[in-house]
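Written out below as structure tokens is the structure these notes cover.
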Amino acid sequence: MEKQAMLHFWLKRLHSFTGIFPLGIFIVEHLFANSFSLFGQDVYDRVIAFYMGIPYIKVIEICLLAVPILYHAGYGFYISFIGSINAPPYQYFRNWMYILQRVTGIMAFMFIIAHVYSTKIAPMMLGIEPSFGLMVEALKHPPVIAFYVVGIVSATFHFCNGLWSFMITWGITLGRGAQRFSYYVCTVLFLALSVMGIYALKGFMS
């Protein structure tokens, strides 16, 4: 029983770590890259071509993105549906944030799967490179726009709220004052990333 508890402890730590490194970093980078849509098709396609031209990009995508995402999501589901039964009590506000973290995690995972398939896997099967035009075609449909908005907000909330708890879990913010300050910082970061992600959609629709 003690070995099982220790294993769960380290797997949960790894789950927390992968949520920030590399997944959280990738969310910030990806939203920033998409914001180049505001400068038009030529600029955006050059940015995408730069990323696609990085040496060993396929290996990087599999090892530093696909594998961490699958682990983080898989163990996150385990924590949500099994491990969270033994979660300690929270204050009313933090309890709601805990629930939102789980809900947005599920929504973000569904969004990522759909987004990767429609912009990466399906075009690759057809021999088409990711491009500005692909996003323009996808965002012609209002339900898809709504899906992207919900997905972006879910992903940014999950990352920023997870960042707040990450700093507590790893002993970075121990006191109440530090935790309160980091909460404000993470809230501002959530709002900034959400606005950047949603505003980038405007570039594909203009």
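Each chain in the structure tokens gets a letter, A, B, ..., in the order shown, and its residues are numbered from 1; ligands are numbered from 1 in order too.
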
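If you count only C-alpha atoms and ignore residues fewer than 2 places along the chain from segment 158-164 of chain A, what sits within 8 Å of it is Ser16, Gly19, Ile20, Gly24, Met97, Gln101, Thr104, Gly105, Ala108, Ser154, Ala155, Thr156, Phe166, Met167, Ile168, Gln179, Ser182, Tyr183, Cys186, Thr187, Leu189 and Phe190 of chain A.
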
Atoms to include: N, CA and C atoms. Write the selected residues as a compact mmCIF listing (two decimals), in the first residue's frame.
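For reference, out_12.txt as written:
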```txt
# COMPACT_ATOMS: atom_id res chain seq x y z
N SER A 16 1.76 17.07 -12.80
CA SER A 16 1.83 18.50 -12.55
C SER A 16 2.94 19.14 -13.39
N GLY A 19 2.23 19.45 -17.16
CA GLY A 19 1.23 20.46 -17.46
C GLY A 19 1.85 21.82 -17.74
N ILE A 20 3.06 22.03 -17.21
CA ILE A 20 3.77 23.30 -17.42
C ILE A 20 4.90 23.14 -18.43
N GLY A 24 2.38 23.66 -21.10
CA GLY A 24 2.04 25.06 -20.87
C GLY A 24 2.86 25.99 -21.73
N MET A 97 -12.86 26.17 -8.24
CA MET A 97 -11.71 26.21 -9.14
C MET A 97 -11.19 24.80 -9.41
N GLN A 101 -11.09 23.14 -13.03
CA GLN A 101 -9.83 22.62 -13.55
C GLN A 101 -10.05 21.28 -14.24
N THR A 104 -12.44 21.91 -17.49
CA THR A 104 -11.70 22.54 -18.59
C THR A 104 -10.62 21.62 -19.13
N GLY A 105 -10.10 20.75 -18.29
CA GLY A 105 -9.11 19.78 -18.76
C GLY A 105 -9.72 18.84 -19.79
N ALA A 108 -10.52 20.94 -22.94
CA ALA A 108 -9.29 21.29 -23.66
C ALA A 108 -8.75 20.08 -24.41
N SER A 154 -10.83 27.23 -22.43
CA SER A 154 -10.63 26.06 -21.57
C SER A 154 -9.15 25.75 -21.41
N ALA A 155 -8.41 25.79 -22.52
CA ALA A 155 -6.98 25.46 -22.47
C ALA A 155 -6.20 26.49 -21.66
N THR A 156 -6.51 27.78 -21.85
CA THR A 156 -5.77 28.82 -21.13
C THR A 156 -6.12 28.82 -19.64
N PHE A 166 0.63 24.46 -9.42
CA PHE A 166 1.99 23.93 -9.63
C PHE A 166 2.98 24.62 -8.69
N MET A 167 2.87 25.94 -8.57
CA MET A 167 3.79 26.69 -7.71
C MET A 167 3.62 26.34 -6.25
N ILE A 168 2.41 25.95 -5.84
CA ILE A 168 2.20 25.49 -4.46
C ILE A 168 2.77 24.09 -4.29
N GLN A 179 0.78 33.08 -2.37
CA GLN A 179 -0.26 32.37 -3.13
C GLN A 179 -1.30 33.35 -3.68
N SER A 182 0.36 35.21 -6.60
CA SER A 182 0.49 34.34 -7.77
C SER A 182 -0.88 34.09 -8.41
N TYR A 183 -1.94 34.10 -7.58
CA TYR A 183 -3.28 33.93 -8.12
C TYR A 183 -3.63 35.11 -9.03
N CYS A 186 -1.61 34.81 -12.26
CA CYS A 186 -2.15 33.76 -13.13
C CYS A 186 -3.48 34.17 -13.75
N THR A 187 -4.27 34.96 -13.01
CA THR A 187 -5.54 35.45 -13.56
C THR A 187 -5.30 36.41 -14.71
N LEU A 189 -2.62 36.49 -16.55
CA LEU A 189 -2.07 35.69 -17.63
C LEU A 189 -3.18 34.95 -18.39
N PHE A 190 -4.15 34.42 -17.65
CA PHE A 190 -5.29 33.74 -18.26
C PHE A 190 -6.06 34.68 -19.18
```

Inset, instruction - Using only C-alpha atoms, determine which residues lie at most 8 Å from Pro22 of chain A, disregarding the query and same-chain residues fewer than 4 positions distant; provide the list as a list of chain:residue names. - result: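 These residues fall inside the cut-off: A:Thr18, A:Phe26, A:Leu64, A:Leu65, A:Pro68.
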
Counting only C-alpha atoms, what is within 8 Å of segment 116-120 of chain A, bar same-chain residues fewer than 6 positions away, as a list in words?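 These residues fall inside the cut-off: Pro130, Leu134 and Met135 of chain A.
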
Residue with the minimum atom-to-atom distance to Ile198 of chain A, picked from A:Leu31, A:Ile128, A:Ala178, A:Ile48 with only C-alpha atoms counted, is A:Leu31

**OP:** Compile the contact shell of Val144 of chain A as a PyMOL selection string: residues with an atom at most 12 Å away, counting only C-alpha atoms, same-chain residues fewer than 3 positions apart removed.
**Re:** chain A and resi 111+114-115+118+135-141+147-151+201+205

Please dump the current selection as a JSON list (two decimals), in the first residue's frame; keep N, CA and C atoms.
```
[["chain", "number", "residue", "atom", "x", "y", "z"],
["A", 111, "PHE", "N", -10.78, 19.52, -27.48],
["A", 111, "PHE", "CA", -10.45, 20.56, -28.46],
["A", 111, "PHE", "C", -9.12, 20.27, -29.14],
["A", 114, "ALA", "N", -9.46, 17.41, -31.70],
["A", 114, "ALA", "CA", -10.16, 17.87, -32.90],
["A", 114, "ALA", "C", -9.29, 18.82, -33.72],
["A", 115, "HIS", "N", -8.60, 19.72, -33.03],
["A", 115, "HIS", "CA", -7.75, 20.71, -33.71],
["A", 115, "HIS", "C", -6.57, 20.05, -34.41],
["A", 118, "SER", "N", -7.89, 18.07, -37.51],
["A", 118, "SER", "CA", -8.37, 18.87, -38.65],
["A", 118, "SER", "C", -7.28, 19.71, -39.29],
["A", 135, "MET", "N", -7.24, 27.27, -42.04],
["A", 135, "MET", "CA", -7.95, 27.89, -40.93],
["A", 135, "MET", "C", -9.10, 28.76, -41.41],
["A", 136, "VAL", "N", -8.89, 29.44, -42.53],
["A", 136, "VAL", "CA", -9.95, 30.27, -43.09],
["A", 136, "VAL", "C", -11.16, 29.41, -43.44],
["A", 137, "GLU", "N", -10.93, 28.28, -44.08],
["A", 137, "GLU", "CA", -12.02, 27.38, -44.46],
["A", 137, "GLU", "C", -12.75, 26.85, -43.23],
["A", 138, "ALA", "N", -11.99, 26.46, -42.21],
["A", 138, "ALA", "CA", -12.59, 25.90, -41.00],
["A", 138, "ALA", "C", -13.45, 26.92, -40.27],
["A", 139, "LEU", "N", -12.98, 28.16, -40.23],
["A", 139, "LEU", "CA", -13.67, 29.19, -39.44],
["A", 139, "LEU", "C", -14.76, 29.92, -40.22],
["A", 140, "LYS", "N", -15.15, 29.36, -41.35],
["A", 140, "LYS", "CA", -16.29, 29.91, -42.07],
["A", 140, "LYS", "C", -17.62, 29.50, -41.42],
["A", 141, "HIS", "N", -17.55, 28.51, -40.54],
["A", 141, "HIS", "CA", -18.75, 27.96, -39.93],
["A", 141, "HIS", "C", -18.87, 28.43, -38.48],
["A", 147, "PHE", "N", -16.71, 26.62, -31.08],
["A", 147, "PHE", "CA", -15.91, 25.51, -30.55],
["A", 147, "PHE", "C", -14.48, 25.96, -30.27],
["A", 148, "TYR", "N", -13.91, 26.77, -31.16],
["A", 148, "TYR", "CA", -12.55, 27.27, -30.97],
["A", 148, "TYR", "C", -12.47, 28.23, -29.77],
["A", 149, "VAL", "N", -13.47, 29.08, -29.63],
["A", 149, "VAL", "CA", -13.47, 30.02, -28.50],
["A", 149, "VAL", "C", -13.52, 29.27, -27.18],
["A", 150, "VAL", "N", -14.44, 28.30, -27.09],
["A", 150, "VAL", "CA", -14.55, 27.49, -25.87],
["A", 150, "VAL", "C", -13.27, 26.72, -25.63],
["A", 151, "GLY", "N", -12.69, 26.15, -26.69],
["A", 151, "GLY", "CA", -11.46, 25.38, -26.55],
["A", 151, "GLY", "C", -10.29, 26.22, -26.09],
["A", 201, "LEU", "N", -8.18, 34.59, -33.94],
["A", 201, "LEU", "CA", -9.20, 34.03, -34.84],
["A", 201, "LEU", "C", -9.70, 35.09, -35.81],
["A", 205, "MET", "N", -10.65, 35.37, -40.10],
["A", 205, "MET", "CA", -12.01, 35.66, -40.54],
["A", 205, "MET", "C", -12.13, 36.99, -41.27]]
```

In terms of only C-alpha atoms, the residue from A:Cys63, A:Leu23, A:Ile152, A:Ala122 at minimal distance from Ser194 of chain A is A:Ile152

Residue with the minimum atom-to-atom distance to Phe17 of chain A, picked from A:Ser206, A:Thr169, A:Asn95, A:Gln41 with only C-alpha atoms counted, is A:Thr169

Which residues in segment 74-132 of chain A does DSSP call alpha helix (DSSP H)? List them as a VMD selection string.
chain A and resid 74 to 81 92 to 116 122 to 125 132
